[in-house]
Amino acid sequence: MTHQYSQRLQAAIYSPWFVPAALFGLCLIVLGDVLLGGRRGAISASDGDIAGYFIYSRQYGFAHLRAGHIPQWNPHIYSGAPYFGGWQAGLLYPLNWIYFIAPIRLALAFDVAISTFLTGLFTAMLASKYMSHPAARLLAGTVAMFSGAFFAHVWPGHLSDLAAMAWAPLVLLAADEIIDRPNLRSLLVGIAAIAMQLFAGHPQTVFNTAFTVAVYALIRLIHARPVARIVASLAAVAAGGALIASIQLLTGMQTASEGVRSGATTMSFASLFSFPPENILTLVAPHFFGNMHSVEYWGRSYYWEATAFVGVGAVVLAVAGFAHGASQRRRLWLTMALLLFVIALGGYTPLFVLLYKYVPGFARFRSHNRFIYESTLFAALLASAGLDAILQGVKISRAVVMAAWVLAAIVGVLAAAAWVPPGSIEHFAILAHPAQVLAQTSLGIAAAVAILAAIAVSLCSRSHRWGYALALLAVIELVSFGRTMVTTFRLSNACPPVLQAWRRAHPGDFRVLQLAYPYDSAMALGAYEVWGYDPVVLRRYSELLTASQGGDVNNPRMSLSFDRPTSVVRLLGCRYLLAKMPGRVVAYPIYGALPPASIIYSYYLLQDRNQIFDLLLSPSFDGRGVVVLERRPGIALGQPTATPSVSLKWLDTDSMEVEATTQAAGILLVNETYSHFWRATALPGSVQQSYAIQPGDYTQIAIPVQAGRHRIYLNYCPPLFKVGADLSILALIAFLGLTIYVWRSPVPKAARQ
């Protein structure tokens with residue numbers, strides 16, 4: 001009977017469904033109470049990106065997509081800003097279509113859960129290429145999905161980051177298979193994975209994945225053959241993925257050309273959020289610098305950007321994997337893990353300067369600490385190799401056992417040192433008591449786990465069954481950490497009832513500046529804001545607002561604190577400054593706000609940015625009787641004897657119709673953020689056959705108009721959107737055709753490495 005039970009258990013473990021089912025079960029343990037309604041509220045912290053951006057963006061985008069329209073423009077924030085081209089909208093990422101059918105709270109939770117599960121599944125698939133035991137593959141997936149480099153991003157709600165990171169292991173697997181033996185099946189898998197990464201909406205993760213694969217391939221190509229065919233296949237993967245996602249890629253690139261990050265960033269900006277060297281402690285003690293619950297993070301950078309946790313058990317197994325793993329690739333895995341970790345250190349190493357100067361694309365991003373995630377993937381392979389070797393009965397060497405005890409000793413010494421009275425350690429002397437206790441506890445737990453891991457690995461030399469105990473220890477560590485990263489906030493915090501009530505009491509087509517309220521809540525309320533919270537803000541607009549707050553206009557940001565009073569917001573149509581008081585909204589009126597559209601009959605011609613800003617920021621500049629232009633209007637302005645009539649009506653998210661009648665030539669000033677991609681078309685009944693657009697008051701739309709009646713159709717759409725749409729459709733048809741052909745063909749037996 002016992003023998004039969006053992007056989008059934010073994011058959012279940014070796015079933016192809018065991019690893020996916022186990023990974024799904026672990027996801028439920030960590031996220032189940034949010035998914036199933038046991039914990040109320042939306043997932044992530046109340047001051048994170050879900051609360052500040054995604055909860056509004058997802059509702060806005062998918063509401064319009066449901067109606068058959070892909071919104072290119074978002075008129076509700078930043079006095080108007082690109083939407084679809086801003087990448088993180090994620091409208092065409094198929095897994096985001098959960099937002100079509102599920103309530104927003106549940107859809108957000110499923111968004112996180114799907115990304116987490118796919119990360120584990122694809123990493124397990126990568127491990128299955130080298131590891132024969134299902135438990136080893138399960139461990140690899142668990143390390144990847146509940147590591148600090150991945151799962152800590154659940155706390156701030158980095159949905160697009162999580163979604164894009166989920167596909168990195170599959171890209172790596174496809175590249176690995178192609179280098180082993182170029183084949184159409186692996187090529188199609190790689191194309192699909194890259195396309196999904198691009199649609200997921202986080203370009204930096206795509207860059208990090210491409211960089212990792214490039215380095216990995218360069219090292220492997222030293223011995224791989226045939227080189228030309230492999231390189232061509234890898235290039236085809238990149239090109240194929242880019243072609244399928246052309247609609248997102250080309251639109252995003254064209255939109256980014258006007259954004260605050262157009263061109264290379266400064267070295268100081270690119271080095272922001274480099275992984276702090278002292279945070280190596282978080283590899284085994286994730287809460288040494290705080291846990292975000294009871295103790296705020298007190299280290300450098302942000303918690304989710306500076307946590308490398310994989311756990312003591314995984315570290316010990318990685319050492320065993322390097323020493324005893326069956327695959328000869330283990331040396332390459334260690335090399336990649338260490339190299340990517342050094343790159344993640346960013347500005348703390350001389351290597352960063354070389355990468356910044358000579359690697360194409362590297363200077364366009366900050367937060368290079370995120371290479372910790374790719375480093376973790378290779379560490380997961382090493383840990384998986386270690387467990388696989390143990391479960392296959394490989395005798396553990398004394399060196400590995402000694403390394404485990406040395407790790408236990410080091411962590412134990414650090415834990416003991418942390419309990420020294422605070423006055424004797426300068427750094428702890430400045431810490432509040434709860435932070436000190438948490439740091440001590442985190443190290444103490446890590447030390448206890450390290451001792452248990454050392455005992456288990458010592459016993460593995462006697463019986464391979466102790467490998468299960470070591471794996472269980474590693475999984476418990478990772479799942480426990482994952483649980484600490486799950487938090488929720490009340491939906492009412494994102495769009496407070498008092499703010500909704502104020503909006504209902506003050507209808508109208510005007511803008512506000514919301515202080516202490518989520519800027520992007522204007523999207524949910526159908527209102528309009530002069531600022532926002534979005535990675536894509538047009539550079540011109542940010543420069544002007546940055547100048548109004550005394551900032552560096554050569555380094556404009558997507559985030560800005562309004563600490564100084566400024567009159568420039570009235571030029572943007574802002575009528576109220578909203579402040580928060582207990583239980584109510586305090587509205588400070590701003591007088592002289594410009595209307596949505598007007599005709600002005602006088603202008604200053606200025607081309608120097610500093611002169612323009614000096615004029616616009618002057619309290620004496622009214623903006624109602626004069627406009628600042630940067631090139632001549634091409635018509636002679638007059639002075640009417642009657643007040644012109646102007647009306648503006650939005651037709652959809654991207655287009656509006658403006659009707660105006662004027663007795664004299666003037667400048668039609670439309671109070672919407674200027675972009676090169678606005679187009680003005682004459683409608684029937686217009687006195688002019690064509691209209692030219694240029695910046696007015698640096699950030700708005702200015703259109704010279706002759707005397708007479710004008711009906712103008714204004715539309716925002718980057719030209720490459722339509723080009724990209726055509727390319728995506730053609731590429732997708734070709735991809736599906738090849739996929740059907742391959743699916744119907746016999747599957748060659750893959751060679752194991």
# chains A, B, ... in the order shown; residues from 1 in each chain; ligands from 1
call {"tool": "select_by_dssp", "arguments": {"residues": "stretch 576-750 of chain A", "states": "strand (DSSP E)", "output": "number ranges by chain"}}
result
A: 576-581, 584-589, 597-600, 603-605, 627-629, 645-650, 655-662, 666-673, 678-682, 694-696, 700-705, 708-716
call {"tool": "closest_residue", "arguments": {"among": "A:Ser384, A:Thr653, A:Gln88, A:Thr699", "to": "A:Val319", "atoms": "only C-alpha atoms"}}
result
A:Ser384
call {"tool": "closest_residue", "arguments": {"among": "A:Gly737, A:Trp73, A:His133, A:Ser246", "to": "A:Ala725", "atoms": "only C-alpha atoms"}}
result
A:Ser246
call {"tool": "closest_residue", "arguments": {"among": "A:Phe481, A:Phe269, A:Phe378, A:Tyr99", "to": "A:Thr282", "atoms": "only C-alpha atoms"}}
result
A:Phe481
call {"tool": "closest_residue", "arguments": {"among": "A:Gly592, A:Gly61, A:Pro71, A:Gly240", "to": "A:Gly190", "atoms": "only C-alpha atoms"}}
result
A:Gly240
call {"tool": "residues_around", "arguments": {"residues": "A:Trp419", "least_positions_apart": "2", "cutoff": "10 Å", "atoms": "only C-alpha atoms", "output": "number ranges by chain"}}
result
A: 414-417, 421-422, 436-437, 439-441, 443-444
call {"tool": "residues_around", "arguments": {"residues": "A:Ser147", "least_positions_apart": "4", "cutoff": "6 Å", "atoms": "only C-alpha atoms", "output": "mmCIF file with C-alpha atoms, in the first residue's frame"}}
result
data_model
loop_
_atom_site.group_PDB
_atom_site.id
_atom_site.type_symbol
_atom_site.label_atom_id
_atom_site.label_comp_id
_atom_site.auth_asym_id
_atom_site.auth_seq_id
_atom_site.Cartn_x
_atom_site.Cartn_y
_atom_site.Cartn_z
ATOM 1 C CA VAL A 143 12.771 32.255 -6.690
ATOM 2 C CA PHE A 151 7.744 40.992 -6.225
ATOM 3 C CA PHE A 309 16.074 39.201 -1.727
ATOM 4 C CA VAL A 310 16.232 35.557 -2.814
#
call {"tool": "residues_around", "arguments": {"residues": "A:Tyr533", "least_positions_apart": "4", "cutoff": "8 Å", "atoms": "only C-alpha atoms", "output": "PyMOL selection string"}}
result
chain A and resi 52-53+519-520+558-559
call {"tool": "select_by_dssp", "arguments": {"residues": "stretch 215-363 of chain A", "states": "helix (DSSP H, G or I)", "output": "JSON, numbers by chain"}}
result
{"A": [215, 216, 217, 218, 219, 220, 227, 228, 229, 230, 231, 232, 233, 234, 235, 236, 237, 238, 239, 240, 241, 242, 243, 244, 246, 247, 248, 249, 250, 251, 252, 253, 254, 255, 256, 267, 268, 269, 270, 277, 278, 279, 280, 281, 282, 283, 303, 304, 305, 312, 313, 314, 315, 316, 317, 318, 319, 320, 321, 322, 323, 324, 330, 331, 332, 333, 334, 335, 336, 337, 338, 339, 340, 341, 342, 343, 344, 346, 347, 348, 351, 352, 353, 354, 355, 356, 357, 358, 362, 363]}
call {"tool": "write_last_selection", "arguments": {"atoms": "C-alpha atoms", "output": "tab-separated table (two decimals), in the first residue's frame"}}
result
chain	number	residue	atom	x	y	z
A	215	VAL	CA	25.69	39.69	-23.49
A	216	TYR	CA	24.64	36.08	-22.93
A	217	ALA	CA	24.70	35.38	-26.66
A	218	LEU	CA	28.10	37.03	-27.16
A	219	ILE	CA	29.62	34.80	-24.50
A	220	ARG	CA	27.99	31.65	-25.86
A	227	VAL	CA	27.58	31.80	-35.85
A	228	ALA	CA	26.06	33.53	-38.88
A	229	ARG	CA	22.84	31.53	-38.70
A	230	ILE	CA	22.51	32.04	-34.96
A	231	VAL	CA	23.04	35.79	-35.22
A	232	ALA	CA	20.56	36.01	-38.10
A	233	SER	CA	17.99	34.03	-36.10
A	234	LEU	CA	18.39	36.24	-33.02
A	235	ALA	CA	18.08	39.33	-35.21
A	236	ALA	CA	14.92	37.85	-36.74
A	237	VAL	CA	13.47	37.35	-33.26
A	238	ALA	CA	14.08	40.99	-32.38
A	239	ALA	CA	12.77	42.23	-35.73
A	240	GLY	CA	9.71	39.97	-35.64
A	241	GLY	CA	8.72	41.04	-32.14
A	242	ALA	CA	9.20	44.69	-33.06
A	243	LEU	CA	7.12	44.31	-36.23
A	244	ILE	CA	4.18	42.72	-34.43
A	246	SER	CA	4.96	48.23	-34.42
A	247	ILE	CA	1.75	50.04	-33.57
A	248	GLN	CA	2.97	50.50	-29.99
A	249	LEU	CA	6.68	50.77	-30.73
A	250	LEU	CA	6.55	53.38	-33.50
A	251	THR	CA	3.87	55.46	-31.80
A	252	GLY	CA	5.79	55.32	-28.53
A	253	MET	CA	9.06	56.34	-30.16
A	254	GLN	CA	7.44	59.25	-31.98
A	255	THR	CA	5.67	60.39	-28.82
A	256	ALA	CA	8.87	60.11	-26.78
A	267	MET	CA	24.77	61.03	-16.34
A	268	SER	CA	23.50	62.15	-12.95
A	269	PHE	CA	19.92	61.37	-14.00
A	270	ALA	CA	20.86	58.02	-15.54
A	277	PRO	CA	26.20	48.44	-2.17
A	278	GLU	CA	25.17	48.09	1.49
A	279	ASN	CA	21.83	46.67	0.35
A	280	ILE	CA	23.55	43.39	-0.44
A	281	LEU	CA	22.24	42.56	3.04
A	282	THR	CA	18.75	42.39	1.55
A	283	LEU	CA	19.82	39.28	-0.35
A	303	TYR	CA	12.66	49.83	-1.06
A	304	TRP	CA	11.41	48.24	-4.28
A	305	GLU	CA	14.44	49.51	-6.20
A	312	VAL	CA	19.30	32.03	2.46
A	313	GLY	CA	18.02	28.70	1.15
A	314	ALA	CA	18.31	29.81	-2.47
A	315	VAL	CA	21.82	31.19	-1.89
A	316	VAL	CA	23.00	27.89	-0.37
A	317	LEU	CA	21.43	25.92	-3.21
A	318	ALA	CA	23.04	28.27	-5.75
A	319	VAL	CA	26.44	27.47	-4.24
A	320	ALA	CA	25.63	23.77	-4.56
A	321	GLY	CA	24.46	24.35	-8.12
A	322	PHE	CA	27.71	26.00	-9.11
A	323	ALA	CA	29.71	23.17	-7.55
A	324	HIS	CA	27.62	20.17	-8.61
A	330	ARG	CA	26.52	26.85	-14.49
A	331	ARG	CA	29.77	28.82	-14.84
A	332	LEU	CA	28.12	31.05	-17.40
A	333	TRP	CA	25.10	31.50	-15.12
A	334	LEU	CA	27.33	32.63	-12.27
A	335	THR	CA	29.20	34.98	-14.60
A	336	MET	CA	25.94	36.52	-15.82
A	337	ALA	CA	24.50	36.81	-12.31
A	338	LEU	CA	27.59	38.62	-11.02
A	339	LEU	CA	28.01	40.83	-14.11
A	340	LEU	CA	24.39	41.96	-14.08
A	341	PHE	CA	24.60	42.61	-10.34
A	342	VAL	CA	27.64	44.86	-10.90
A	343	ILE	CA	25.74	46.71	-13.64
A	344	ALA	CA	22.86	47.17	-11.20
A	346	GLY	CA	25.15	51.75	-11.50
A	347	GLY	CA	26.95	54.93	-10.51
A	348	TYR	CA	28.76	53.19	-7.66
A	351	LEU	CA	31.66	50.32	-15.35
A	352	PHE	CA	28.63	52.60	-15.38
A	353	VAL	CA	30.53	55.38	-17.17
A	354	LEU	CA	31.58	53.03	-19.97
A	355	LEU	CA	28.07	51.67	-20.40
A	356	TYR	CA	26.61	55.18	-20.36
A	357	LYS	CA	28.98	56.39	-23.06
A	358	TYR	CA	29.25	53.42	-25.36
A	362	PHE	CA	21.79	52.86	-21.96
A	363	ALA	CA	21.81	56.64	-21.45
call {"tool": "residues_around", "arguments": {"residues": "A:Met165", "least_positions_apart": "6", "cutoff": "12 Å", "atoms": "only C-alpha atoms", "output": "CSV table (one decimal) with N, CA and C atoms, in the first residue's frame"}}
result
chain,number,residue,atom,x,y,z
A,112,VAL,N,-1.7,41.8,-11.3
A,112,VAL,CA,-0.5,41.4,-10.5
A,112,VAL,C,-0.4,39.9,-10.5
A,114,ILE,N,-1.4,37.5,-12.6
A,114,ILE,CA,-1.1,36.9,-13.9
A,114,ILE,C,0.4,37.1,-14.1
A,115,SER,N,0.9,38.3,-13.9
A,115,SER,CA,2.3,38.6,-14.1
A,115,SER,C,3.2,37.8,-13.2
A,116,THR,N,2.8,37.6,-12.0
A,116,THR,CA,3.5,36.8,-11.0
A,116,THR,C,3.6,35.3,-11.5
A,117,PHE,N,2.4,34.8,-11.8
A,117,PHE,CA,2.4,33.4,-12.2
A,117,PHE,C,3.2,33.2,-13.5
A,118,LEU,N,3.1,34.1,-14.5
A,118,LEU,CA,3.9,33.9,-15.7
A,118,LEU,C,5.4,34.0,-15.5
A,119,THR,N,5.8,34.8,-14.6
A,119,THR,CA,7.2,34.9,-14.2
A,119,THR,C,7.7,33.6,-13.7
A,120,GLY,N,7.0,33.0,-12.8
A,120,GLY,CA,7.3,31.7,-12.3
A,120,GLY,C,7.3,30.6,-13.3
A,122,PHE,N,7.5,30.8,-16.7
A,122,PHE,CA,8.5,30.9,-17.7
A,122,PHE,C,9.9,30.6,-17.2
A,123,THR,N,10.1,31.0,-16.0
A,123,THR,CA,11.4,30.6,-15.4
A,123,THR,C,11.6,29.1,-15.1
A,144,ALA,N,12.2,33.3,-8.8
A,144,ALA,CA,12.0,34.4,-9.7
A,144,ALA,C,10.8,35.2,-9.3
A,145,MET,N,9.7,34.6,-9.1
A,145,MET,CA,8.4,35.3,-8.9
A,145,MET,C,8.3,36.0,-7.5
A,149,ALA,N,13.7,41.5,-6.4
A,149,ALA,CA,13.8,42.2,-7.6
A,149,ALA,C,12.5,42.3,-8.4
A,150,PHE,N,11.6,41.3,-8.2
A,150,PHE,CA,10.4,41.2,-8.9
A,150,PHE,C,9.2,41.6,-8.0
A,151,PHE,N,9.0,40.9,-7.0
A,151,PHE,CA,7.7,41.0,-6.2
A,151,PHE,C,7.7,42.2,-5.4
A,153,HIS,N,8.0,45.1,-6.4
A,153,HIS,CA,7.3,46.1,-7.2
A,153,HIS,C,5.8,46.0,-7.1
A,158,HIS,N,3.7,48.7,-9.6
A,158,HIS,CA,4.3,48.9,-10.9
A,158,HIS,C,3.8,47.9,-11.9
A,159,LEU,N,2.6,48.1,-12.4
A,159,LEU,CA,1.9,47.0,-13.2
A,159,LEU,C,2.6,46.8,-14.5
A,171,VAL,N,12.0,35.0,-23.2
A,171,VAL,CA,12.9,35.6,-24.2
A,171,VAL,C,14.2,34.9,-24.1
A,172,LEU,N,14.7,34.8,-22.9
A,172,LEU,CA,16.0,34.1,-22.6
A,172,LEU,C,16.0,32.6,-23.0
A,193,ALA,N,7.3,36.5,-27.3
A,193,ALA,CA,7.7,37.0,-26.0
A,193,ALA,C,8.1,38.5,-26.1
A,194,ILE,N,8.8,38.8,-27.1
A,194,ILE,CA,9.3,40.2,-27.3
A,194,ILE,C,8.1,41.1,-27.6
A,196,MET,N,5.0,40.7,-26.7
A,196,MET,CA,4.3,40.8,-25.5
A,196,MET,C,5.0,41.8,-24.5
A,197,GLN,N,6.3,41.7,-24.4
A,197,GLN,CA,7.0,42.7,-23.6
A,197,GLN,C,6.8,44.1,-24.1
A,198,LEU,N,6.8,44.3,-25.4
A,198,LEU,CA,6.6,45.7,-25.9
A,198,LEU,C,5.2,46.2,-25.6
A,199,PHE,N,4.2,45.3,-25.8
A,199,PHE,CA,2.8,45.7,-25.6
A,199,PHE,C,2.5,45.9,-24.1
A,200,ALA,N,3.3,45.2,-23.2
A,200,ALA,CA,3.1,45.3,-21.8
A,200,ALA,C,3.4,46.8,-21.3
A,201,GLY,N,4.3,47.5,-22.0
A,201,GLY,CA,4.3,48.9,-21.7
A,201,GLY,C,5.4,49.4,-20.8
A,202,HIS,N,6.6,48.7,-20.8
A,202,HIS,CA,7.7,49.3,-20.0
A,202,HIS,C,9.0,49.1,-20.8
A,203,PRO,N,9.3,50.2,-21.6
A,203,PRO,CA,10.5,50.1,-22.5
A,203,PRO,C,11.8,49.7,-21.8
A,204,GLN,N,12.0,50.2,-20.6
A,204,GLN,CA,13.3,49.9,-19.9
A,204,GLN,C,13.5,48.4,-19.7
A,205,THR,N,12.4,47.7,-19.4
A,205,THR,CA,12.5,46.2,-19.2
A,205,THR,C,12.8,45.5,-20.5
A,206,VAL,N,12.3,46.0,-21.6
A,206,VAL,CA,12.6,45.5,-22.9
A,206,VAL,C,14.1,45.7,-23.2
A,207,PHE,N,14.6,46.9,-22.9
A,207,PHE,CA,16.0,47.2,-23.1
A,207,PHE,C,16.9,46.3,-22.2
A,208,ASN,N,16.5,46.1,-20.9
A,208,ASN,CA,17.3,45.3,-20.0
A,208,ASN,C,17.3,43.8,-20.5
A,209,THR,N,16.2,43.4,-21.0
A,209,THR,CA,16.1,42.0,-21.5
A,209,THR,C,17.0,41.9,-22.8
A,210,ALA,N,16.9,42.8,-23.7
A,210,ALA,CA,17.7,42.8,-24.9
A,210,ALA,C,19.2,42.8,-24.6
A,370,ARG,N,17.6,47.9,-11.8
A,370,ARG,CA,16.7,46.8,-12.2
A,370,ARG,C,17.3,45.6,-12.9
A,371,PHE,N,18.6,45.8,-13.2
A,371,PHE,CA,19.3,44.6,-13.7
A,371,PHE,C,19.4,43.5,-12.6
A,372,ILE,N,19.1,43.9,-11.4
A,372,ILE,CA,19.0,42.9,-10.3
A,372,ILE,C,18.1,41.8,-10.7
A,373,TYR,N,17.0,42.1,-11.4
A,373,TYR,CA,16.0,41.1,-11.8
A,373,TYR,C,16.6,40.1,-12.7
A,374,GLU,N,17.3,40.5,-13.8
A,374,GLU,CA,17.9,39.6,-14.7
A,374,GLU,C,19.0,38.8,-14.0
A,376,THR,N,18.9,37.9,-10.9
A,376,THR,CA,18.1,36.9,-10.1
A,376,THR,C,17.7,35.7,-11.0
A,377,LEU,N,17.4,35.9,-12.2
A,377,LEU,CA,17.0,34.8,-13.1
A,377,LEU,C,18.1,33.8,-13.2
call {"tool": "residues_around", "arguments": {"residues": "stretch 683-689 of chain A", "least_positions_apart": "3", "cutoff": "12 Å", "atoms": "only C-alpha atoms", "output": "compact mmCIF listing (two decimals) with N, CA and C atoms, in the first residue's frame"}}
result
# COMPACT_ATOMS: atom_id res chain seq x y z
N MET A 656 -11.17 67.69 -31.80
CA MET A 656 -12.12 68.72 -31.40
C MET A 656 -12.50 69.53 -32.63
N GLU A 657 -13.62 70.18 -32.54
CA GLU A 657 -14.04 71.10 -33.59
C GLU A 657 -14.11 72.50 -33.00
N VAL A 658 -13.45 73.44 -33.68
CA VAL A 658 -13.43 74.83 -33.22
C VAL A 658 -14.14 75.68 -34.27
N GLU A 659 -15.10 76.45 -33.83
CA GLU A 659 -15.79 77.39 -34.71
C GLU A 659 -15.50 78.80 -34.21
N ALA A 660 -15.16 79.67 -35.15
CA ALA A 660 -14.81 81.05 -34.77
C ALA A 660 -15.23 82.00 -35.88
N THR A 661 -15.68 83.16 -35.48
CA THR A 661 -16.01 84.23 -36.42
C THR A 661 -15.32 85.50 -35.94
N THR A 662 -14.56 86.14 -36.84
CA THR A 662 -13.80 87.33 -36.46
C THR A 662 -13.85 88.35 -37.59
N GLN A 663 -13.90 89.63 -37.25
CA GLN A 663 -13.92 90.69 -38.24
C GLN A 663 -12.53 91.04 -38.74
N ALA A 665 -8.12 89.68 -38.93
CA ALA A 665 -7.17 88.58 -38.81
C ALA A 665 -6.59 88.56 -37.40
N ALA A 680 -4.54 70.56 -38.16
CA ALA A 680 -5.73 71.39 -38.32
C ALA A 680 -6.25 71.25 -39.74
N ALA A 692 -2.30 76.55 -40.43
CA ALA A 692 -0.98 76.18 -39.90
C ALA A 692 -1.00 76.30 -38.39
N ILE A 703 -3.07 79.23 -33.99
CA ILE A 703 -3.43 79.08 -35.41
C ILE A 703 -3.75 80.46 -35.98
N PRO A 704 -2.95 80.98 -36.90
CA PRO A 704 -3.28 82.26 -37.55
C PRO A 704 -4.56 82.11 -38.39
N VAL A 705 -5.49 83.05 -38.23
CA VAL A 705 -6.75 83.00 -38.98
C VAL A 705 -7.04 84.36 -39.61
N GLN A 706 -7.59 84.32 -40.83
CA GLN A 706 -8.01 85.52 -41.52
C GLN A 706 -9.37 85.97 -40.99
N ALA A 707 -9.78 87.15 -41.40
CA ALA A 707 -11.12 87.62 -41.05
C ALA A 707 -12.16 86.72 -41.71
N GLY A 708 -13.23 86.43 -41.00
CA GLY A 708 -14.28 85.59 -41.56
C GLY A 708 -14.67 84.46 -40.62
N ARG A 709 -15.39 83.49 -41.19
CA ARG A 709 -15.88 82.36 -40.40
C ARG A 709 -14.95 81.17 -40.57
N HIS A 710 -14.69 80.49 -39.46
CA HIS A 710 -13.75 79.37 -39.48
C HIS A 710 -14.39 78.16 -38.79
N ARG A 711 -14.28 77.04 -39.47
CA ARG A 711 -14.65 75.74 -38.86
C ARG A 711 -13.42 74.84 -39.02
N ILE A 712 -12.82 74.50 -37.88
CA ILE A 712 -11.52 73.80 -37.91
C ILE A 712 -11.65 72.48 -37.15
N TYR A 713 -11.15 71.45 -37.81
CA TYR A 713 -11.08 70.13 -37.17
C TYR A 713 -9.66 69.92 -36.68
N LEU A 714 -9.49 69.82 -35.37
CA LEU A 714 -8.17 69.62 -34.76
C LEU A 714 -8.06 68.17 -34.31
